[in-house]
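Structure record follows, encoded as structure tokens.
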Amino acid sequence: MTKITLAKGLNMGLRKAMEDDPKVLIMGEDVGKLGGVFRITDGLQKDFGEDRVIDSPLAESGIVGTAVGLALRGYRPVVEIQFDGFVYPAYDQIVCQVAKMRFRSMGKLAMPMVIRIPFGGGIGAVEHHSESPEAQFAHTPGLKVVACSNPIDGYWMIQQAIACDDPVIFLEPKRQYHADKADLDEDAAPEPLFRSRVVRRGGDATLLAYGPTVKTALKAAEAASGEGRSLEVIDLRTLSPLDMAPVFESVRRTGHAVVVHEAHVNLGLGAELAARITEECFFSLESPVLRVGGFDTPYPPSRIEEEWLPDLDRVLDAVDRSLSF
Amino acid sequence: MTKITLAKGLNMGLRKAMEDDPKVLIMGEDVGKLGGVFRITDGLQKDFGEDRVIDSPLAESGIVGTAVGLALRGYRPVVEIQFDGFVYPAYDQIVCQVAKMRFRSMGKLAMPMVIRIPFGGGIGAVEHHSESPEAQFAHTPGLKVVACSNPIDGYWMIQQAIACDDPVIFLEPKRQYHADKADLDEDAAPEPLFRSRVVRRGGDATLLAYGPTVKTALKAAEAASGEGRSLEVIDLRTLSPLDMAPVFESVRRTGHAVVVHEAHVNLGLGAELAARITEECFFSLESPVLRVGGFDTPYPPSRIEEEWLPDLDRVLDAVDRSLSF
Amino acid sequence: MTPGNDRSGGFGPDLAEVFGPSQHDGGPELVQLLTPEGERVSHPEFSFGDGMTPAEEAEMIRGFYRDMVLTRRIDTEATALQRHGELGIWAQLLGQEAAQIGAGRALRPQDYVFPTYREHGVAWCRGVDPIELLGLYRGVDQGAWDPAKYNFHLYTIVIGAQTLHATGYAMGMQRDGAVGTGDPDRDAAVIAHFGDGASSQGDVNEAFIFAASYNAPVVFFCQNNQWAISEPIERQSRIPLYQRALGFGFPGVRVDGNDVLATYAVTQAALQRARDGQGPTFVEAYTYRMGAHTTTDDPTRYRLSDDVERWRLKCPIERTKAYLQRNGLADQAFFDDLSAEADELGARLREGCKNLADPSPLSIFDHVYAEQTPELEAQREGFAAYLDSFEGAH
Amino acid sequence: MTPGNDRSGGFGPDLAEVFGPSQHDGGPELVQLLTPEGERVSHPEFSFGDGMTPAEEAEMIRGFYRDMVLTRRIDTEATALQRHGELGIWAQLLGQEAAQIGAGRALRPQDYVFPTYREHGVAWCRGVDPIELLGLYRGVDQGAWDPAKYNFHLYTIVIGAQTLHATGYAMGMQRDGAVGTGDPDRDAAVIAHFGDGASSQGDVNEAFIFAASYNAPVVFFCQNNQWAISEPIERQSRIPLYQRALGFGFPGVRVDGNDVLATYAVTQAALQRARDGQGPTFVEAYTYRMGAHTTTDDPTRYRLSDDVERWRLKCPIERTKAYLQRNGLADQAFFDDLSAEADELGARLREGCKNLADPSPLSIFDHVYAEQTPELEAQREGFAAYLDSFEGAH
Ligand SMILES: Cc1ncc(C[n+]2csc(CCOP(=O)(O)OP(=O)(O)O)c2C)c(N)n1
Ligand SMILES: Cc1ncc(C[n+]2csc(CCOP(=O)(O)OP(=O)(O)O)c2C)c(N)n1
Ligand SMILES: [Mg+2]
Ligand SMILES: [Mg+2]
């Protein structure tokens, strides 16, 4: 057992994947000597060489576009986008090429690519460094989208994503990279990648979260328990496809659901979750699914980002509204 | 009164806007001599010159990016994206620059730009020519997103969008360009741009549609009336901001709602509409909001596109499911 | 120089004067080995037929000729099939046969091709059955051939996107040790096809940067057919396109794209540079789009028929025929046989096209992911049940 | 040439040999008017001071010197403010003072500037109060100045995006009849700042294409500071960057970016070309990032301190000081006064920074649209009520 941070878990997971499969490559800006601006690829170029850990020219479309070619040649590129806000120059390649290659070739071409995106806010950064672009990718058929929330998941999920034969948008809550430590048991059997997980049991209402907001939801549940309320918390982990079974099971039991994410509420994941939960659990719901998220405004200057981001109090406020509906 | 198609309405509206304001420019691929591949800008370069109707190099990011500069210089660029599937190279400029300019400058800079996108399927085209990218733009604060559905709206809405001081993503149902004719009264007072409109009254269920699916919804309502069912049809017209008041009013009356769009169901506009309707009309709803849309697969080869697209029967099927829930 | 007074000083000579305008095709910059009149001419740097016997050479040129004639037939038939409603649209290559056959025949089996939507001649050289090219345009598929079988990728419609794929694929060849070993059966290169319009896309320029930075074995093969739909080449570049490459630090060359010998020679040399590990090359095949952009386009709205007439005199097929005939390298039987072969091919295409079946509605759900997701499985089942509900009704 | 045999033949000479590698800074290609030792040297094409009296010239150089010293002080103070937690981050310009002041002082009031996030020296020249630069880095705003007041756009962080805005703005000037009229108060140009790393972005290359295609009055001013965070210039280009422009059909020139006189002269000439209607120019200001990429970066992980030491000898400020002193163009009082002025500026910055107030939480909802939408108004009201609910609690 080793105590690791999320950053360390991802770094170890990448190393393991590179050891296990010589076709795994890492590409991106500053991923080599620097080890990435967050040091997630620290030491990998030194140990695996410049051919496998590739510092790229400063062009995101170029990175993803050449990764497409490498994947067609049989490689498994793991692309690092430096910050969430810089994935957009690569958007065309991701949405029109990466996502569609298998479908348009009727299964003859695979696109086993992982696109790692440090996402979300709370690190006091300047504009374009705190975005939550997941809904746009989840809306795109052919992509899979996952978000890790803790060190242990980081270690396993990155390996599973690399092993996956479909393209995976891999979201890493950058605010958590160095926040907490957990014990890694490298011999444990990991949970499958495309499964959601109940991370706290409760019977009064269901909180749905992923990535950075899992911690917020858990804190809210802890605070609520002090007031005699028992909240169930589900870490969605997979955003596309969604794993709705544990969600439906939970909401049928509690009758109340609150979704928490940093992305804008309008057309965020919460909208889809609300729609699906209402379709499936119509007669179990005692109140509408409520959504707590980033406001429908651009991400604000960092001195007020904590006001913009959903926090414990706003989650509890929504739970109150849900339970007293 | 003139009888016009949607294509003609847009062309006349553009001409009117250019006559009214010398700052209005048109930019895009093939918009000049050719008049655009759909001839929406037909004759405009001839009459307003190459400085105001600008054939651009073949680069969408370049088109939108230079339009940003022109807008900063006081112009009102109207950008044509040739087909929906080719807006993605410009995605970064739209989402990070166009959408945020006013907010980040604290109101000092405006971005009065219209980005016209012929969207949707049904014209028997090859891949990338039949996409419905609206959800991705509606999720982005700072953009406004509208869709016209008929010749008269085409004429007025394009002028209103050009007059709007915010950037507007202007979606045109390409399948309807030449489909129907309507009488234009140029002296009529147009409906405001950001308003939804009840286009058929009914009491049993509410159909919500926009762009190409308004016609489908109207046909479905017509067919249903033959079976004694009275369906209300709302043409949303504005997708961001949404104009929910008439929707809530209707659903409170009917107790049933079905959303119809061509975009993928997963995280499409239907998700947001379902979430909001359920929040606001929880106790009036007799069944969950149902969604009929493109499947969550890439757009298929055109010989089966009509199977993929929501049609009259699939709408009626959903109405059945809603009413018998 | 006083800043601002001498208007050209300091920044070197007027580049438009040095390079000439983008649509200028004369001068020594154009590599040509066969004139429009069918005369062989020599070029100081490139030649065709070295190391071959005259018989071998003639055989090869007859082969090119056959390729061009059959490719044109494919194009003509497909155009007609579109007119008869059998295809939704067709992208004609009329006039670009030499550029495509010259490039296509310069490839070795282990090389890899990234085409646009118009590379029917290259597809022909790679052995793709022309019927397989029709599916995309008929709307029954989005490319039916197996790219790995022919080392010929699916057509790419989003302008320029494939040039990055090509560069990445070439980077993969480097990592596989398939470059610069000296083994002719092992060393490989990639060719990326694109148009003059495409040269304006960010992706294409990024491909140049990546290829230069990694010295990737890729040939950027641009068919400058003078038009991007209605926009002339001048809108995309004010100097000859091949010069673009120089600014990225790798060679560019303009070849007469209506001259199959020159296109072959130049492409072959560029591919060999790549295979040898000497990195990327830009080849501008200077040609002309004799037809419409696609069957839905109307070029009379934006270009003069004069231009088209002028280019008709440079026909890639006619000049090769003239050369073969004038030098007695092909007899009438050759031409007659070829004509019969073309007719057969045409008939096979017409027949094959009509037999291309529509996909089944439920195939919509196939191959979105490696394994079906529960979500899609549910949508599929729902749709299947919905379709079944009509069975009774009919 | 037999295809494939002669490895360089046909494609011209090895460009790396012709142009030299990208990080090579010697040779006649580098325009220099003031050596690192502070000696004036002449250049066949560019010169400084023509048409000025010696006194005017000295006055101007003293002005440049003052600009550079004060700009460096802004930079040093801001770096210190970041260390003390008053700023979240700071992008240092250390070493790039001459490039920025030379470019900034070449501008006329009617010209327009599109900066990156590092153009503090250019901002200084445009009259932006340095305190207004801090807001973005402190996290209280995203640029507080009024771009229209200074003809200086907000900082752009997405690499390269602003080069297209600059080109579009320049196209606007053309349409306004503000180019090539011969009226010095009317004719205007745009300058687009970007880095060596940025040169790889599709947007930047598209900006070159649009600018060339429309002959837009824009100067592409690239500060090649040798690094894009941890990546050396060789990753972005294998030949000198200014050569890039030639392939797009407009001139490129490399100037010693640590030489304020040369940078001024070259930029001024390029701007004048643009104002005169002669179109775009690429200026590569060859310089070095002496500091970290930003205050959160650790350059010891990827570069040698030797390099930094070597470049320290080329300091833009020291060489100007040496020139002024050696030629008796500035006395001790000048330097003492400047030093006091810098101290005052420093104090004003420290004070001003601490006084930059946090925005109010409800300002989140301001300026998303020209008029508040009902949706956002509802969110705002909900949030206001929520915030109010805590009032009692505290
Ligand atoms: C990104 C993108 N934008 C626009 C289009 C629409 N379009 C298809 S072909 C074409 C012109 C291409 O011109 P060129 O690159 O010269 O190739 P050619 O068709 O002449 O072979 C355009 C604009 C597209 N397919 N992709
Ligand atoms: C599109 C985009 N990708 C990545 C980044 C992250 N980033 C910020 S600065 C930088 C390096 C820029 O290098 P260069 O253009 O040389 O400018 P310099 O910082 O050296 O002035 C990177 C990669 C960004 N801001 N935008
Ligand atoms: Mg072309
Ligand atoms: Mg740099």
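We name chains A, B, ... following the order of the structure tokens; residues begin at 1 in each chain, and ligands are numbered from 1 as shown.
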Report task. Show me which residues sit within 9 Å of ligand 2 when counting only C-alpha atoms and all ligand atoms, and put them as an NGL selection string. Result -> (:A and (29-30 or 58-60 or 81-83 or 85-89 or 128-129)) or (:B and (92)) or (:D and (91-93 or 116-119 or 156-161 or 194-201 or 222-233 or 288-289 or 293-294))
Requested in this report: Identify, on the basis of only C-alpha atoms, every residue whose closest approach to region 142-157 of chain A does not exceed 8 Å; exclude the query and any residue fewer than 3 positions from it along the same chain; express the result as an MDAnalysis selection string.
Outcome: (chainID A and resid 4:14 98:100 102:103 134 137:138 160:161 166:173 176 180:184 190 193:194 210:212 214:215 235 237:241) or (chainID B and resid 297:298) or (chainID C and resid 368:369)
Keeping only N, CA and C atoms, write the selected residues as a short mmCIF file (atom, residue, chain, number, x, y, z; two decimals), in the first residue's frame.
data_model
loop_
_atom_site.label_atom_id
_atom_site.label_comp_id
_atom_site.auth_asym_id
_atom_site.auth_seq_id
_atom_site.Cartn_x
_atom_site.Cartn_y
_atom_site.Cartn_z
N ILE A 4 -0.98 7.90 -2.04
CA ILE A 4 -0.79 8.69 -3.27
C ILE A 4 -1.83 9.81 -3.40
N THR A 5 -1.41 10.84 -4.11
CA THR A 5 -2.35 11.90 -4.52
C THR A 5 -2.97 11.50 -5.87
N LEU A 6 -3.94 12.28 -6.30
CA LEU A 6 -4.50 12.03 -7.62
C LEU A 6 -3.42 12.19 -8.70
N ALA A 7 -2.61 13.24 -8.58
CA ALA A 7 -1.55 13.46 -9.56
C ALA A 7 -0.63 12.24 -9.61
N LYS A 8 -0.28 11.72 -8.47
CA LYS A 8 0.61 10.57 -8.41
C LYS A 8 -0.08 9.33 -8.99
N GLY A 9 -1.35 9.17 -8.67
CA GLY A 9 -2.09 8.03 -9.18
C GLY A 9 -2.13 8.03 -10.71
N LEU A 10 -2.36 9.18 -11.27
CA LEU A 10 -2.39 9.28 -12.74
C LEU A 10 -1.01 9.01 -13.31
N ASN A 11 0.00 9.56 -12.67
CA ASN A 11 1.36 9.35 -13.14
C ASN A 11 1.73 7.87 -13.09
N MET A 12 1.39 7.22 -12.00
CA MET A 12 1.69 5.79 -11.87
C MET A 12 0.89 4.96 -12.87
N GLY A 13 -0.36 5.35 -13.07
CA GLY A 13 -1.21 4.64 -14.02
C GLY A 13 -0.68 4.76 -15.44
N LEU A 14 -0.24 5.95 -15.81
CA LEU A 14 0.33 6.14 -17.14
C LEU A 14 1.59 5.30 -17.29
N VAL A 98 -12.21 11.86 -34.71
CA VAL A 98 -12.01 10.86 -33.65
C VAL A 98 -13.32 10.12 -33.36
N ALA A 99 -14.38 10.90 -33.15
CA ALA A 99 -15.65 10.31 -32.71
C ALA A 99 -16.28 9.42 -33.78
N LYS A 100 -16.06 9.76 -35.05
CA LYS A 100 -16.81 9.09 -36.11
C LYS A 100 -16.06 7.98 -36.83
N ARG A 102 -14.84 5.00 -36.25
CA ARG A 102 -15.32 3.62 -36.22
C ARG A 102 -16.63 3.46 -36.97
N PHE A 103 -17.54 4.36 -36.73
CA PHE A 103 -18.87 4.28 -37.34
C PHE A 103 -18.78 4.38 -38.86
N GLU A 134 -17.46 19.16 -20.48
CA GLU A 134 -17.87 17.76 -20.66
C GLU A 134 -19.16 17.56 -21.43
N PHE A 137 -18.85 17.13 -25.16
CA PHE A 137 -18.31 15.85 -25.61
C PHE A 137 -19.32 14.72 -25.38
N ALA A 138 -20.03 14.79 -24.26
CA ALA A 138 -21.01 13.74 -23.97
C ALA A 138 -22.14 13.75 -25.01
N GLN A 160 -7.53 1.85 -17.56
CA GLN A 160 -8.69 1.26 -18.25
C GLN A 160 -9.04 2.07 -19.50
N ALA A 161 -8.94 3.39 -19.38
CA ALA A 161 -9.24 4.23 -20.54
C ALA A 161 -8.27 3.95 -21.67
N ASP A 166 -12.20 2.38 -27.66
CA ASP A 166 -12.89 3.57 -28.12
C ASP A 166 -12.17 4.82 -27.62
N PRO A 167 -12.37 5.94 -28.31
CA PRO A 167 -11.77 7.19 -27.80
C PRO A 167 -12.43 7.60 -26.48
N VAL A 168 -11.61 7.98 -25.54
CA VAL A 168 -12.11 8.37 -24.22
C VAL A 168 -11.65 9.79 -23.89
N ILE A 169 -12.61 10.65 -23.60
CA ILE A 169 -12.29 11.97 -23.05
C ILE A 169 -12.14 11.76 -21.54
N PHE A 170 -10.96 12.02 -21.05
CA PHE A 170 -10.63 11.67 -19.67
C PHE A 170 -10.46 12.95 -18.87
N LEU A 171 -11.44 13.22 -18.02
CA LEU A 171 -11.46 14.50 -17.30
C LEU A 171 -10.86 14.34 -15.90
N GLU A 172 -9.91 15.22 -15.61
CA GLU A 172 -9.22 15.17 -14.32
C GLU A 172 -9.50 16.45 -13.55
N PRO A 173 -10.05 16.36 -12.37
CA PRO A 173 -10.36 17.56 -11.59
C PRO A 173 -9.06 18.18 -11.08
N GLN A 176 -8.08 18.87 -7.53
CA GLN A 176 -7.84 17.75 -6.61
C GLN A 176 -6.47 17.10 -6.80
N ASP A 180 -5.76 15.54 -1.78
CA ASP A 180 -5.92 14.49 -0.78
C ASP A 180 -5.05 13.29 -1.12
N LYS A 181 -4.77 12.49 -0.11
CA LYS A 181 -4.02 11.26 -0.34
C LYS A 181 -4.89 10.06 -0.01
N ALA A 182 -4.60 8.96 -0.66
CA ALA A 182 -5.34 7.74 -0.36
C ALA A 182 -4.39 6.56 -0.51
N ASP A 183 -4.78 5.44 0.07
CA ASP A 183 -3.95 4.24 0.04
C ASP A 183 -4.21 3.45 -1.23
N LEU A 184 -3.19 3.24 -2.00
CA LEU A 184 -3.35 2.45 -3.22
C LEU A 184 -2.92 1.01 -2.97
N PRO A 190 -9.85 -3.58 -9.85
CA PRO A 190 -10.53 -2.29 -10.02
C PRO A 190 -11.97 -2.46 -10.48
N LEU A 193 -14.61 0.48 -15.79
CA LEU A 193 -14.51 1.91 -16.09
C LEU A 193 -15.88 2.58 -16.23
N PHE A 194 -16.81 1.91 -16.87
CA PHE A 194 -18.06 2.60 -17.22
C PHE A 194 -19.18 2.31 -16.23
N TYR A 210 -19.70 14.28 -9.99
CA TYR A 210 -18.56 13.64 -10.68
C TYR A 210 -17.38 14.60 -10.63
N GLY A 211 -16.20 14.05 -10.78
CA GLY A 211 -15.01 14.89 -10.78
C GLY A 211 -14.91 15.71 -9.50
N PRO A 212 -14.71 17.03 -9.65
CA PRO A 212 -14.43 17.85 -8.48
C PRO A 212 -15.60 17.96 -7.51
N VAL A 214 -17.60 15.66 -6.42
CA VAL A 214 -17.85 14.50 -5.55
C VAL A 214 -17.48 14.87 -4.11
N LYS A 215 -16.36 15.55 -3.99
CA LYS A 215 -15.91 15.96 -2.65
C LYS A 215 -16.91 16.94 -2.03
N ASP A 235 -21.03 8.86 -7.19
CA ASP A 235 -19.98 9.38 -8.06
C ASP A 235 -20.23 8.77 -9.44
N ARG A 237 -18.73 8.96 -12.34
CA ARG A 237 -17.53 8.41 -12.99
C ARG A 237 -17.64 8.37 -14.52
N THR A 238 -18.68 7.78 -15.05
CA THR A 238 -18.83 7.76 -16.50
C THR A 238 -19.95 8.71 -16.91
N LEU A 239 -19.64 9.63 -17.82
CA LEU A 239 -20.62 10.63 -18.24
C LEU A 239 -21.21 10.28 -19.59
N SER A 240 -20.48 9.46 -20.35
CA SER A 240 -21.02 8.95 -21.60
C SER A 240 -20.28 7.66 -21.93
N PRO A 241 -20.94 6.52 -21.94
CA PRO A 241 -22.35 6.37 -21.60
C PRO A 241 -22.59 6.62 -20.11
N THR B 297 -26.25 8.26 -32.24
CA THR B 297 -25.27 7.66 -33.15
C THR B 297 -24.87 8.75 -34.12
N PRO B 298 -23.72 8.62 -34.77
CA PRO B 298 -23.41 9.62 -35.80
C PRO B 298 -24.50 9.61 -36.87
N VAL C 368 -20.89 2.17 -33.43
CA VAL C 368 -20.66 3.46 -32.79
C VAL C 368 -19.52 3.29 -31.78
N TYR C 369 -19.56 2.16 -31.10
CA TYR C 369 -18.50 1.81 -30.15
C TYR C 369 -18.02 0.38 -30.43
#
Requested in this report: Write down as a VMD selection string the residues of region 63-181 of chain A whose backbone DSSP state falls under alpha helix (DSSP H).
Outcome: chain A and resid 63 to 72 91 to 92 101 to 104 134 to 138 151 to 163
Requested in this report: Report as a PyMOL selection string the set of chain C residues whose atoms approach chain D to within 8 Å, with distances computed over only C-alpha atoms.
Outcome: chain C and resi 1-4+7-12+15-16+44-48+50+200-203+205-206+209-210+212-213+234-239+241+243-253+265-266+268-270+272-273
Requested in this report: Please determine the contact residues of chain C with respect to chain A at a cut-off of 6 Å, counting only C-alpha atoms, and supply them as an MDAnalysis selection string.
Outcome: chainID C and resid 142 164:169 172 206 367:368
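Comparing the minimum interatomic distances between ligand 1 and each of C:Thr300, C:Ser360, C:Gln96, C:Thr320, counting only C-alpha atoms and all ligand atoms, we find that C:Gln96 sits nearest.
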Query raised in the report: Per DSSP on the backbone, what are the strand (DSSP E) residues of region 23-231 of chain B, as a ChimeraX atom specification?
Result: /B:24-28,53-55,76-80,114-119,144-147,168-173,182-184,197-200,205-209,231
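Residue nearest ligand 4 within the list D:Ala285, D:Ala322, D:Leu107, D:Ala192: D:Ala285 [criterion: smallest interatomic distance, only C-alpha atoms and all ligand atoms].
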Query - Near-region 256-273 of chain B list (8 Å; only C-alpha atoms; drop same-chain fewer than 6 positions) as number ranges by chain - result: A: 135, 138-140, 266-269, 271-272, 274-275; B: 120-121, 131-135, 204-210, 212-213, 217, 239, 285-297, 309-310, 315, 318-319, 322-323
Those selected residues, please, written with N, CA and C atoms and delivered as a compact mmCIF listing (two decimals), in the first residue's frame.
# COMPACT_ATOMS: atom_id res chain seq x y z
N ALA A 135 -20.13 18.47 -21.26
CA ALA A 135 -21.43 18.24 -21.90
C ALA A 135 -21.29 18.18 -23.42
N ALA A 138 -20.03 14.79 -24.26
CA ALA A 138 -21.01 13.74 -23.97
C ALA A 138 -22.14 13.75 -25.01
N HIS A 139 -22.41 14.89 -25.59
CA HIS A 139 -23.45 15.03 -26.62
C HIS A 139 -23.02 14.37 -27.94
N THR A 140 -21.74 14.04 -28.06
CA THR A 140 -21.19 13.55 -29.33
C THR A 140 -21.09 12.03 -29.34
N ASN A 266 -27.35 25.26 -17.72
CA ASN A 266 -28.10 25.17 -18.98
C ASN A 266 -27.44 24.16 -19.92
N LEU A 267 -28.15 23.07 -20.18
CA LEU A 267 -27.65 22.01 -21.05
C LEU A 267 -26.41 21.31 -20.51
N GLY A 268 -26.20 21.41 -19.20
CA GLY A 268 -25.16 20.60 -18.57
C GLY A 268 -25.65 19.18 -18.36
N LEU A 269 -24.76 18.34 -17.83
CA LEU A 269 -25.13 16.94 -17.58
C LEU A 269 -26.39 16.83 -16.74
N ALA A 271 -29.08 18.39 -16.93
CA ALA A 271 -30.29 18.40 -17.75
C ALA A 271 -30.61 16.99 -18.21
N GLU A 272 -29.61 16.29 -18.70
CA GLU A 272 -29.83 14.93 -19.19
C GLU A 272 -30.22 14.01 -18.03
N ALA A 274 -31.66 14.83 -15.24
CA ALA A 274 -33.02 15.17 -14.82
C ALA A 274 -34.04 14.56 -15.77
N ALA A 275 -33.76 14.69 -17.07
CA ALA A 275 -34.71 14.16 -18.05
C ALA A 275 -34.85 12.64 -17.91
N GLY B 120 -29.27 20.68 -40.06
CA GLY B 120 -30.24 19.60 -40.15
C GLY B 120 -30.09 18.77 -41.41
N GLY B 121 -30.84 17.70 -41.45
CA GLY B 121 -30.67 16.70 -42.50
C GLY B 121 -31.79 16.67 -43.52
N GLU B 131 -25.73 17.99 -39.90
CA GLU B 131 -25.59 17.99 -38.44
C GLU B 131 -26.50 19.03 -37.78
N SER B 132 -26.71 18.81 -36.50
CA SER B 132 -27.52 19.73 -35.70
C SER B 132 -26.73 20.11 -34.45
N PRO B 133 -25.89 21.13 -34.58
CA PRO B 133 -24.95 21.43 -33.50
C PRO B 133 -25.46 22.42 -32.45
N GLU B 134 -26.77 22.66 -32.41
CA GLU B 134 -27.27 23.78 -31.61
C GLU B 134 -27.02 23.64 -30.11
N ALA B 135 -27.07 22.42 -29.57
CA ALA B 135 -26.96 22.28 -28.11
C ALA B 135 -25.62 22.80 -27.62
N ASP B 204 -54.57 18.56 -25.64
CA ASP B 204 -54.26 17.24 -25.10
C ASP B 204 -52.79 17.04 -24.76
N ALA B 205 -51.94 17.62 -25.56
CA ALA B 205 -50.51 17.50 -25.30
C ALA B 205 -49.80 18.63 -26.03
N THR B 206 -48.58 18.94 -25.58
CA THR B 206 -47.83 20.04 -26.17
C THR B 206 -46.63 19.49 -26.93
N LEU B 207 -46.52 19.88 -28.18
CA LEU B 207 -45.32 19.51 -28.95
C LEU B 207 -44.41 20.73 -29.03
N LEU B 208 -43.12 20.50 -28.71
CA LEU B 208 -42.15 21.58 -28.78
C LEU B 208 -41.17 21.28 -29.91
N ALA B 209 -41.02 22.24 -30.80
CA ALA B 209 -40.16 21.99 -31.97
C ALA B 209 -39.48 23.29 -32.37
N TYR B 210 -38.50 23.17 -33.26
CA TYR B 210 -37.84 24.37 -33.81
C TYR B 210 -37.19 23.99 -35.12
N PRO B 212 -36.34 22.65 -38.52
CA PRO B 212 -36.98 21.72 -39.46
C PRO B 212 -38.10 20.90 -38.85
N THR B 213 -38.11 20.73 -37.53
CA THR B 213 -39.11 19.83 -36.95
C THR B 213 -40.44 20.51 -36.68
N ALA B 217 -43.87 18.54 -36.61
CA ALA B 217 -44.80 18.61 -35.48
C ALA B 217 -46.20 19.03 -35.96
N LEU B 239 -33.48 29.43 -28.94
CA LEU B 239 -32.98 28.26 -28.19
C LEU B 239 -32.10 28.71 -27.04
N LEU B 285 -47.78 17.97 -14.51
CA LEU B 285 -47.37 16.93 -15.48
C LEU B 285 -48.05 15.61 -15.17
N GLU B 286 -48.68 15.04 -16.19
CA GLU B 286 -49.30 13.72 -16.00
C GLU B 286 -48.39 12.61 -16.50
N SER B 287 -47.36 12.98 -17.19
CA SER B 287 -46.37 12.00 -17.65
C SER B 287 -45.06 12.75 -17.83
N PRO B 288 -43.97 12.02 -17.86
CA PRO B 288 -42.70 12.72 -18.05
C PRO B 288 -42.62 13.34 -19.44
N VAL B 289 -41.84 14.39 -19.54
CA VAL B 289 -41.58 14.98 -20.85
C VAL B 289 -40.85 13.94 -21.70
N LEU B 290 -41.34 13.69 -22.88
CA LEU B 290 -40.67 12.71 -23.75
C LEU B 290 -39.91 13.44 -24.85
N ARG B 291 -38.88 12.77 -25.33
CA ARG B 291 -38.02 13.40 -26.33
C ARG B 291 -37.92 12.54 -27.58
N VAL B 292 -38.15 13.15 -28.69
CA VAL B 292 -37.98 12.48 -29.98
C VAL B 292 -36.89 13.23 -30.73
N GLY B 293 -35.84 12.51 -31.13
CA GLY B 293 -34.75 13.21 -31.80
C GLY B 293 -33.90 12.26 -32.61
N GLY B 294 -32.81 12.79 -33.09
CA GLY B 294 -31.84 11.92 -33.72
C GLY B 294 -31.32 10.93 -32.70
N PHE B 295 -31.04 9.72 -33.15
CA PHE B 295 -30.51 8.73 -32.22
C PHE B 295 -29.12 9.14 -31.76
N ASP B 296 -28.63 8.49 -30.71
CA ASP B 296 -27.30 8.84 -30.20
C ASP B 296 -26.22 8.06 -30.94
N THR B 297 -26.25 8.26 -32.24
CA THR B 297 -25.27 7.66 -33.15
C THR B 297 -24.87 8.75 -34.12
N LEU B 309 -33.95 10.37 -38.64
CA LEU B 309 -34.59 11.64 -38.28
C LEU B 309 -35.96 11.39 -37.66
N PRO B 310 -36.34 12.23 -36.72
CA PRO B 310 -37.69 12.09 -36.16
C PRO B 310 -38.71 12.42 -37.24
N VAL B 315 -43.18 10.92 -33.79
CA VAL B 315 -43.77 11.93 -32.90
C VAL B 315 -45.10 11.41 -32.34
N ALA B 318 -44.62 8.89 -29.72
CA ALA B 318 -44.27 9.48 -28.43
C ALA B 318 -45.50 10.10 -27.75
N VAL B 319 -46.34 10.71 -28.57
CA VAL B 319 -47.57 11.27 -28.00
C VAL B 319 -48.41 10.15 -27.38
N SER B 322 -46.90 9.17 -24.20
CA SER B 322 -47.11 10.20 -23.19
C SER B 322 -48.53 10.14 -22.63
N LEU B 323 -49.49 10.02 -23.53
CA LEU B 323 -50.89 10.06 -23.08
C LEU B 323 -51.30 8.78 -22.36
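The residue set within 8 Å of Phe248 (chain A), counting only C-alpha atoms and dropping same-chain residues fewer than 4 places from it, reads Met244, Arg252, Ile277, Glu280 and Cys281 of chain A.
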Selected residues written out with C-alpha atoms, as a PDB file, in the first residue's frame:
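Produced file part.pdb, reproduced below:
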ATOM      1  CA  MET A 244     -28.155   4.970 -14.824  1.00  0.00           C
ATOM      2  CA  ARG A 252     -36.658   5.277  -6.435  1.00  0.00           C
ATOM      3  CA  ILE A 277     -34.575  10.243 -14.030  1.00  0.00           C
ATOM      4  CA  GLU A 280     -37.779   6.371 -15.454  1.00  0.00           C
ATOM      5  CA  CYS A 281     -38.794   7.286 -11.908  1.00  0.00           C
TER       6      CYS A 281
END
